[in-house]
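As structure tokens, the structure follows; a few thoughts come after it.
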Amino acid sequence: MESFLVQFQSTSWLEWIAVILALAYVYFAAKQNIWCWPSALISTAIYTWLFWSVSLPFHTVLNAYYLIMAVYGWRKWNSSYSEALAVKVWPWPYHLSSIVLLSFTAWALSYFASSVLDADYLYLDAFVTVFSVFTTFLVTHKVRENWLYWIVINVFGAYLYFAKGLSLTGVLYLFYAGFAIYGFIQWRIQPSVVEDNKVAT
């Protein structure tokens, strides 16, 4: 408990800004508000640097990817697309096959990276990263189940960040898990939900 308080008190102002904007992102995303994407753009730019500084290589790459996806998502959710971009539901076989493939990919990345990288929690880093890449894609295409993935990702992510000394970010990801439940409920009550039997592109 004492170490947590020490970590919390020593949180940098950059991490505070990243956390505040990250909370804004998930709130706006749950509301299907386009302002989620500029919030994500700035937050992830900061986190790219923070994760590199604490030796989370996969998370560094992940946040660089988030920067690109923030621009892509902003364009995808633009008003010229808004009417066509309804909330979608993917069939469960899609998700089951995706989970198997993503888990194997995370294992393979961590296995091969372990020979060149000296980092703790390498598999967990890869697991959170690989699933986050996939789930961010689901968000940009408004696939409702993205929130269920985020619940699991955020719980594991919180553990990882506490272990790496990013306590404020760990707390953020616990809040994220709660927000993901809220987001799923919000998107579930949308009247424009459609069954999507092909993978979005």
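Residue numbering restarts at 1 in every chain; chains get A, B, ... in the order shown in the structure tokens, and ligands count up from 1 in that same order.
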Mind checking DSSP for chain A and telling me the alpha helix (DSSP H) residues as an MDAnalysis selection string? chainID A and resid 2:9 13:30 36:53 57:76 79:82 92:113 122:140 146:163 167:188
Within 12 Å of Ser55 (chain A) using only C-alpha atoms, minus same-chain residues under 5 positions, as a PDB file with C-alpha atoms, in the first residue's frame:
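Just written: part.pdb:
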ATOM      1  CA  THR A  48       3.997   6.182 -26.481  1.00  0.00           C
ATOM      2  CA  TRP A  49       6.773   8.011 -24.658  1.00  0.00           C
ATOM      3  CA  LEU A  50       5.768   6.822 -21.163  1.00  0.00           C
ATOM      4  CA  THR A  60       5.148   1.489 -27.198  1.00  0.00           C
ATOM      5  CA  VAL A  61       4.359   0.033 -30.613  1.00  0.00           C
ATOM      6  CA  LEU A 117      14.429  -8.163 -25.256  1.00  0.00           C
ATOM      7  CA  ASP A 118      15.097  -8.235 -21.544  1.00  0.00           C
ATOM      8  CA  ALA A 119      11.725  -7.139 -20.204  1.00  0.00           C
ATOM      9  CA  ASP A 120       9.461  -8.370 -17.418  1.00  0.00           C
ATOM     10  CA  TYR A 121       5.886  -9.428 -18.157  1.00  0.00           C
ATOM     11  CA  LEU A 122       6.660  -9.846 -21.854  1.00  0.00           C
ATOM     12  CA  ASP A 125       2.602  -7.013 -22.591  1.00  0.00           C
ATOM     13  CA  LEU A 160       0.579  -4.890 -15.722  1.00  0.00           C
ATOM     14  CA  TYR A 161       0.745  -1.139 -15.074  1.00  0.00           C
ATOM     15  CA  LYS A 164       5.557  -1.560 -13.805  1.00  0.00           C
ATOM     16  CA  GLY A 165       5.090   1.375 -11.414  1.00  0.00           C
ATOM     17  CA  LEU A 166       2.462   3.265 -13.448  1.00  0.00           C
TER      18      LEU A 166
END
Go through A:Leu102, A:Ile151, A:Leu23, A:Ile68 one by one, measure the shortest atom-to-atom distance of each to Thr129 (chain A) using only C-alpha atoms, and give the residue with the smallest value. A:Leu102
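Closest to Asn33 (chain A) among A:Phe162, A:Trp107, A:Phe134, A:Trp74 is A:Trp74, based on only C-alpha atoms.
With distances restricted to only C-alpha atoms, A:Phe127 is the closest residue to Tyr111 (chain A) from A:Phe127, A:Tyr94, A:Leu148, A:Tyr182.
Omitting Glu15 (chain A) and its sequence neighbours fewer than 3 positions away, and counting only C-alpha atoms, the residues within 8 Å are A:Thr11, A:Ser12, A:Ala18, A:Val19, A:Ile46, A:Tyr47, A:Leu50, A:Leu168, A:Thr169.
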If we count only C-alpha atoms and set the cut-off at 12 Å, which residues sit around Leu62 (chain A), ignoring sequence neighbours fewer than 2 positions away in its own chain? Please answer as a PyMOL selection string. chain A and resi 44-45+47-49+51-52+56-60+64-69+125-136
Residues near Gln186 (chain A), cut-off 9 Å, only C-alpha atoms, skip fewer than 5 positions along chain, as an MDAnalysis selection string: chainID A and resid 30:31 181
If you keep all heavy atoms, can you produce a file of those selected residues as a PDB file, in the first residue's frame?
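Writing the result to part.pdb gives the following:
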ATOM      1  N   ALA A  30     -18.226   5.834 -25.631  1.00  0.00           N
ATOM      2  CA  ALA A  30     -19.476   5.222 -25.170  1.00  0.00           C
ATOM      3  C   ALA A  30     -20.686   6.001 -25.664  1.00  0.00           C
ATOM      4  O   ALA A  30     -21.742   5.423 -25.934  1.00  0.00           O
ATOM      5  CB  ALA A  30     -19.485   5.138 -23.642  1.00  0.00           C
ATOM      6  N   LYS A  31     -20.526   7.312 -25.809  1.00  0.00           N
ATOM      7  CA  LYS A  31     -21.603   8.177 -26.289  1.00  0.00           C
ATOM      8  C   LYS A  31     -21.623   8.283 -27.806  1.00  0.00           C
ATOM      9  O   LYS A  31     -22.460   8.997 -28.364  1.00  0.00           O
ATOM     10  CB  LYS A  31     -21.447   9.577 -25.693  1.00  0.00           C
ATOM     11  CG  LYS A  31     -21.631   9.638 -24.177  1.00  0.00           C
ATOM     12  CD  LYS A  31     -23.066   9.372 -23.786  1.00  0.00           C
ATOM     13  CE  LYS A  31     -23.303   9.595 -22.312  1.00  0.00           C
ATOM     14  NZ  LYS A  31     -24.723   9.314 -21.934  1.00  0.00           N
ATOM     15  N   ILE A 181     -18.195  -1.704 -19.387  1.00  0.00           N
ATOM     16  CA  ILE A 181     -19.533  -2.239 -19.096  1.00  0.00           C
ATOM     17  C   ILE A 181     -20.591  -1.212 -19.471  1.00  0.00           C
ATOM     18  O   ILE A 181     -21.596  -1.524 -20.118  1.00  0.00           O
ATOM     19  CB  ILE A 181     -19.640  -2.620 -17.610  1.00  0.00           C
ATOM     20  CG1 ILE A 181     -18.651  -3.746 -17.273  1.00  0.00           C
ATOM     21  CG2 ILE A 181     -21.079  -3.055 -17.264  1.00  0.00           C
ATOM     22  CD1 ILE A 181     -18.533  -4.040 -15.786  1.00  0.00           C
TER      23      ILE A 181
END
Who sits within 9 Å of Tyr176 (chain A), only C-alpha atoms, same chain under 2 positions skipped, as a PyMOL selection string: chain A and resi 23+26+150-151+154-155+171-174+178-181
Just the number, please: distance in Å from CA of Tyr149 (chain A) to CA of Trp13 (chain A), one decimal. 29.4 Å
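With distances restricted to only C-alpha atoms, A:Tyr72 is the closest residue to Phe137 (chain A) from A:Tyr123, A:Trp92, A:Tyr27, A:Tyr72.
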